[in-house]
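Only one structure is covered here, and it is reproduced in the block below.
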Amino acid sequence: MKKILFSIIGLVLATLVIQAQDKPASLGFTPSSYYTFSWNTTFTMGDFNKWVGNASPAGFDLGGRYFINGGLVAGFNIMWQRVSQSYGYQTWYGEDGDAITATNYRFTWMVPFQGVVAYHFIPDKMVSPYIGLGIGGDYMEHHLLVQEYDIYKTRWDFSLTPEVGALVKFGTFSSWGALVAFNYKWTTNKIEFINNWASKNLQMLNLKVGLALIIR
Amino acid sequence: MATGLILASCTKYPPSSERLLEDLAIYTKYDVSVDFTKFKTYFMSDSIVYVSDKDSGWYYNADVASLTQRIADNMHKLGYTRTYNAKTTDLYLGVSFVKNINVSVYYPGWYWGYWGYYPPDYWGGGGYYYPYYPAYITTYSTGTILMDMMDVQHPTADNKIPVRWNAYIRGLLTGDHTTAQIQQSIDKAFDQTKGFPGH
């Protein structure tokens, strides 16, 4: 996790240096708020990656940010995500004497919801990098599909998501822009299928690319 | 296209074309409260019950003989002796084949009110019951072999015969499965049952 945090900080600093060499400070505006709708790609990590190893572009994110003081913002994120992977012919054993042999297909469906605090280093500029932290939870369903059989567990969790990103206005005074963000997510969620699977603290990386509506 | 991708992302389940690959599925379940070493003999008819949406009945041909022989081989490996005396046997092994119908309508209850592996009054007329929730089929199937192992010497007070093991092998009429694959699936149904003697 430390490596990821250092990488995030490094990216932010690099962006700041580039930004500092950019345009005069007098141009642009500091928004009062902005709303984002982003495409999300998930890269599972650790035990989660053993469950589903594929990166998944099946997800999107709806967010809102409100400037409180200077570059400090507070807001929210609601997401939909799904990761999935097909496995070969395997036998699944249940706890009540049942067993199924067929092609196995695993997927996890997630509905994360988080409160977010972030800091925009140069909020009035066209390219406005930020670092943030999301705190919240997830509703997750972990499914093992063996043909028409659907064996699943549902879990709620607590999650933390440090994030680095940038709000990029389409013009100096534009009300529309783009959002590019990258985050690491740690959760208390786990996958437990009796006799077959045990994991804890599911983790993932997310890449978000989307549109932003910027309010003056 | 973008709208389609967004909608696809919103759905909980991945597309069925991605996850429901047509191949053989083998599902077994057994009564975990029973010691299967206590059984010594079993009865199995040379014919099997055939069920389709057009006709149903007892059926026998070379494929059926091959199928029942494979089942008998597996029962022999478990240490059970085949008997042709249905009244004194410990276990009755019923085998049926269901073709291309919505079997969820018929199974597991279809033989209770319809017709079954044997004359209803053979062991007292109480029918069968599962001491556990049995393996069953939820969707249209392309062809399924069903096996039920009944503990005929231990009926309940109301004359119901407990089914100690049941199995189904699904997806047999797609044209892609060889006799060898079907026989391997029967072997697998026995092998994956942890409650059987020696497993």
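Note on naming: chains are A, B, ... as they come in the structure tokens, residues start from 1 per chain, ligands start from 1 in the order shown.
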- Query: Looking only at the backbone, which of the residues in stretch 42-168 of chain A does DSSP tag as strand (DSSP E or B), as an MDAnalysis selection string?
  - Reply: chainID A and resid 42:45 56 59:69 72:93 98:120 127:146 149:168
- Message: For B:Gly198, find every residue with an atom within 12 Å (counting only C-alpha atoms), except residues of its own chain fewer than 2 positions away, and show them as number ranges by chain.
- Response: B: 35-37, 77-79, 190-196
Selected residues written out with C-alpha atoms, as a PDB file, in the first residue's frame:
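Written output follows (result_18.pdb):
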```pdb
ATOM      1  CA  ASP B  35     -23.554 -44.446   6.382  1.00  0.00           C
ATOM      2  CA  PHE B  36     -23.390 -45.890   2.864  1.00  0.00           C
ATOM      3  CA  THR B  37     -21.282 -48.848   4.005  1.00  0.00           C
ATOM      4  CA  LYS B  77     -16.396 -50.521  -7.348  1.00  0.00           C
ATOM      5  CA  LEU B  78     -18.229 -49.207  -4.303  1.00  0.00           C
ATOM      6  CA  GLY B  79     -18.648 -52.762  -3.093  1.00  0.00           C
ATOM      7  CA  PHE B 190     -19.927 -41.440  -8.451  1.00  0.00           C
ATOM      8  CA  ASP B 191     -16.401 -40.120  -7.886  1.00  0.00           C
ATOM      9  CA  GLN B 192     -17.508 -36.699  -6.660  1.00  0.00           C
ATOM     10  CA  THR B 193     -19.820 -38.159  -3.994  1.00  0.00           C
ATOM     11  CA  LYS B 194     -17.753 -37.980  -0.841  1.00  0.00           C
ATOM     12  CA  GLY B 195     -20.191 -40.048   1.220  1.00  0.00           C
ATOM     13  CA  PHE B 196     -19.728 -43.249  -0.758  1.00  0.00           C
TER      14      PHE B 196
END
```
Closest contacts (chain A/chain B, max 10 Å, only C-alpha atoms) as CSV:
```
residue,atom,partner,partner_atom,distance
A:Trp39,CA,B:Ile6,CA,8.5
A:Asn40,CA,B:Ser9,CA,9.7
A:Ser56,CA,B:Ser9,CA,9.8
A:Pro57,CA,B:Ser9,CA,8.0
A:Ala58,CA,B:Ser9,CA,4.5
A:Gly59,CA,B:Ser9,CA,5.4
A:Phe60,CA,B:Ser9,CA,7.4
A:Met79,CA,B:Cys10,CA,9.8
A:Trp80,CA,B:Cys10,CA,6.6
A:Gln81,CA,B:Ser9,CA,7.2
A:Arg82,CA,B:Lys12,CA,7.2
A:Val83,CA,B:Pro14,CA,9.0
A:Ser84,CA,B:Pro14,CA,7.6
A:Gln85,CA,B:Arg19,CA,8.7
A:Ser86,CA,B:Arg19,CA,6.9
A:Tyr87,CA,B:Arg19,CA,9.7
A:Tyr89,CA,B:Ala25,CA,9.1
A:Gln90,CA,B:Ala25,CA,10.0
A:Thr91,CA,B:Gln192,CA,7.7
A:Trp92,CA,B:Gln192,CA,9.3
A:Tyr93,CA,B:Gln192,CA,8.4
A:Gly94,CA,B:Lys29,CA,9.2
A:Glu95,CA,B:Val32,CA,9.4
A:Asp96,CA,B:Val32,CA,6.7
A:Gly97,CA,B:Tyr30,CA,5.2
A:Asp98,CA,B:Lys29,CA,4.0
A:Ala99,CA,B:Thr28,CA,5.3
A:Ile100,CA,B:Tyr27,CA,4.4
A:Thr101,CA,B:Ile26,CA,5.0
A:Ala102,CA,B:Ala25,CA,4.6
A:Thr103,CA,B:Leu21,CA,7.3
A:Asn104,CA,B:Arg19,CA,8.3
A:Tyr105,CA,B:Arg19,CA,6.1
A:Arg106,CA,B:Arg19,CA,8.8
A:Phe107,CA,B:Pro14,CA,8.0
A:Thr108,CA,B:Lys12,CA,8.6
A:Trp109,CA,B:Lys12,CA,6.0
A:Met110,CA,B:Lys12,CA,8.6
A:Glu141,CA,B:Lys12,CA,9.0
A:His143,CA,B:Tyr13,CA,9.2
A:Leu145,CA,B:Arg19,CA,7.7
A:Val146,CA,B:Ala25,CA,8.0
A:Gln147,CA,B:Leu20,CA,5.5
A:Glu148,CA,B:Thr138,CA,7.2
A:Tyr149,CA,B:Thr138,CA,8.3
```
Residues as selected, C-alpha atoms, written as a compact mmCIF listing (two decimals), in the first residue's frame, can you do that?
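And here's again25.txt as it stands now:
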```
# COMPACT_ATOMS: atom_id res chain seq x y z
CA TRP A 39 -16.15 5.07 -16.94
CA ASN A 40 -14.39 2.78 -14.49
CA SER A 56 -12.86 -5.29 -15.98
CA PRO A 57 -14.18 -2.19 -17.78
CA ALA A 58 -17.72 -2.97 -16.59
CA GLY A 59 -18.30 -0.12 -14.21
CA PHE A 60 -19.12 3.53 -13.87
CA MET A 79 -20.39 3.39 -8.29
CA TRP A 80 -21.40 0.22 -10.09
CA GLN A 81 -18.71 -2.31 -10.80
CA ARG A 82 -18.49 -5.88 -11.95
CA VAL A 83 -15.50 -8.17 -12.37
CA SER A 84 -15.84 -11.60 -13.93
CA GLN A 85 -13.92 -14.53 -15.29
CA SER A 86 -14.68 -17.93 -16.74
CA TYR A 87 -12.79 -20.93 -15.42
CA TYR A 89 -14.30 -27.66 -15.86
CA GLN A 90 -14.16 -27.88 -12.06
CA THR A 91 -16.01 -29.56 -9.22
CA TRP A 92 -17.60 -27.44 -6.54
CA TYR A 93 -18.38 -29.13 -3.22
CA GLY A 94 -21.08 -27.81 -0.92
CA GLU A 95 -21.45 -28.45 2.78
CA ASP A 96 -24.62 -30.56 2.59
CA GLY A 97 -23.37 -33.41 0.46
CA ASP A 98 -23.80 -31.76 -2.89
CA ALA A 99 -21.23 -31.46 -5.65
CA ILE A 100 -21.39 -29.92 -9.11
CA THR A 101 -18.95 -30.46 -11.95
CA ALA A 102 -19.13 -28.09 -14.92
CA THR A 103 -17.54 -24.97 -16.34
CA ASN A 104 -17.18 -22.48 -13.51
CA TYR A 105 -17.81 -18.79 -13.91
CA ARG A 106 -17.03 -16.32 -11.17
CA PHE A 107 -18.10 -12.74 -10.83
CA THR A 108 -18.43 -10.07 -8.18
CA TRP A 109 -20.91 -7.25 -8.44
CA MET A 110 -20.19 -4.17 -6.36
CA GLU A 141 -22.29 -10.05 -4.28
CA HIS A 143 -21.25 -15.37 -7.43
CA LEU A 145 -22.04 -19.84 -11.57
CA VAL A 146 -21.87 -23.49 -12.47
CA GLN A 147 -24.04 -23.59 -15.55
CA GLU A 148 -27.55 -22.75 -14.32
CA TYR A 149 -26.53 -23.01 -10.67
```
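The interatomic distance for the pair atom CA of A:Pro123 and atom CA of A:Asp61 works out to 21.6 Å.
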- Message: Just want the 6 Å neighbourhood of A:Tyr66, counted on only C-alpha atoms, with same-chain residues fewer than 5 positions away dropped. Output as a ChimeraX atom specification.
- Response: /A:33,73-75
Since we have the selection now, will you write its residues out, keeping C-alpha atoms, as an mmCIF file, in the first residue's frame?
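again_14.cif, written as the output of this step:
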```
data_model
loop_
_atom_site.group_PDB
_atom_site.id
_atom_site.type_symbol
_atom_site.label_atom_id
_atom_site.label_comp_id
_atom_site.auth_asym_id
_atom_site.auth_seq_id
_atom_site.Cartn_x
_atom_site.Cartn_y
_atom_site.Cartn_z
ATOM 1 C CA SER A 33 -18.778 22.517 -7.379
ATOM 2 C CA VAL A 73 -13.544 19.915 -1.465
ATOM 3 C CA ALA A 74 -16.005 17.454 0.017
ATOM 4 C CA GLY A 75 -18.351 15.220 -1.886
#
```
- Hey, can you check how far atom CA of B:Leu67 sits from atom CA of B:Met149? 15.8 Å
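Residues of stretch 18-139 of chain A that DSSP, applied to the backbone, places in alpha helix (DSSP H): Ile18, Gln19, Ala20, Gly46, Asp47, Phe48, Asn49, Lys50 and Trp51 of chain A.
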Please dump the current selection as a JSON list (two decimals), in the first residue's frame; keep C-alpha atoms.
```
[["chain", "number", "residue", "atom", "x", "y", "z"],
["A", 18, "ILE", "CA", 3.93, 20.87, -15.28],
["A", 19, "GLN", "CA", 1.04, 23.09, -14.21],
["A", 20, "ALA", "CA", 3.36, 25.65, -12.64],
["A", 46, "GLY", "CA", -4.29, -9.93, -3.85],
["A", 47, "ASP", "CA", -6.93, -12.48, -2.90],
["A", 48, "PHE", "CA", -9.46, -10.65, -5.05],
["A", 49, "ASN", "CA", -7.17, -11.20, -8.03],
["A", 50, "LYS", "CA", -7.08, -14.93, -7.27],
["A", 51, "TRP", "CA", -10.87, -14.94, -7.37]]
```
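Shortest separation to B:Thr89 among B:Ser66, B:Val152, B:Tyr59, B:Ser47 occurs at residue B:Val152, atoms counted being only C-alpha atoms.
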- Task: Give me, please, the distance in Å between atom CA of A:Ala118 and atom CA of A:Phe170, quoted to one decimal.
- Result: 21.2 Å
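Shell of A:Thr188 at 6 Å, with only C-alpha atoms counted and residues fewer than 5 places along the chain excluded, is Asp157, Phe158 and Asn201 of chain A.
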Generate a file of the selected residues that holds N, CA and C atoms, formatted as a short mmCIF file (atom, residue, chain, number, x, y, z; two decimals), in the first residue's frame.
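Writing the result to selection_0.cif gives the following:
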```
data_model
loop_
_atom_site.label_atom_id
_atom_site.label_comp_id
_atom_site.auth_asym_id
_atom_site.auth_seq_id
_atom_site.Cartn_x
_atom_site.Cartn_y
_atom_site.Cartn_z
N ASP A 157 -19.44 -3.90 3.48
CA ASP A 157 -18.10 -3.71 4.02
C ASP A 157 -17.83 -2.24 4.32
N PHE A 158 -16.64 -2.01 4.88
CA PHE A 158 -16.09 -0.68 5.07
C PHE A 158 -14.93 -0.55 4.09
N ASN A 201 -10.08 -8.84 3.19
CA ASN A 201 -9.64 -7.51 2.78
C ASN A 201 -9.43 -7.40 1.27
#
```
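Each of B:Leu93, B:Ala180, B:Ile186, B:Ala65 was compared to B:Asp151 using only C-alpha atoms, and B:Leu93 turns out to be the nearest.
Nearest to A:Tyr152 of all the residues A:Lys125, A:Val164, A:Phe193, A:Ala178 is A:Phe193, counting only C-alpha atoms.
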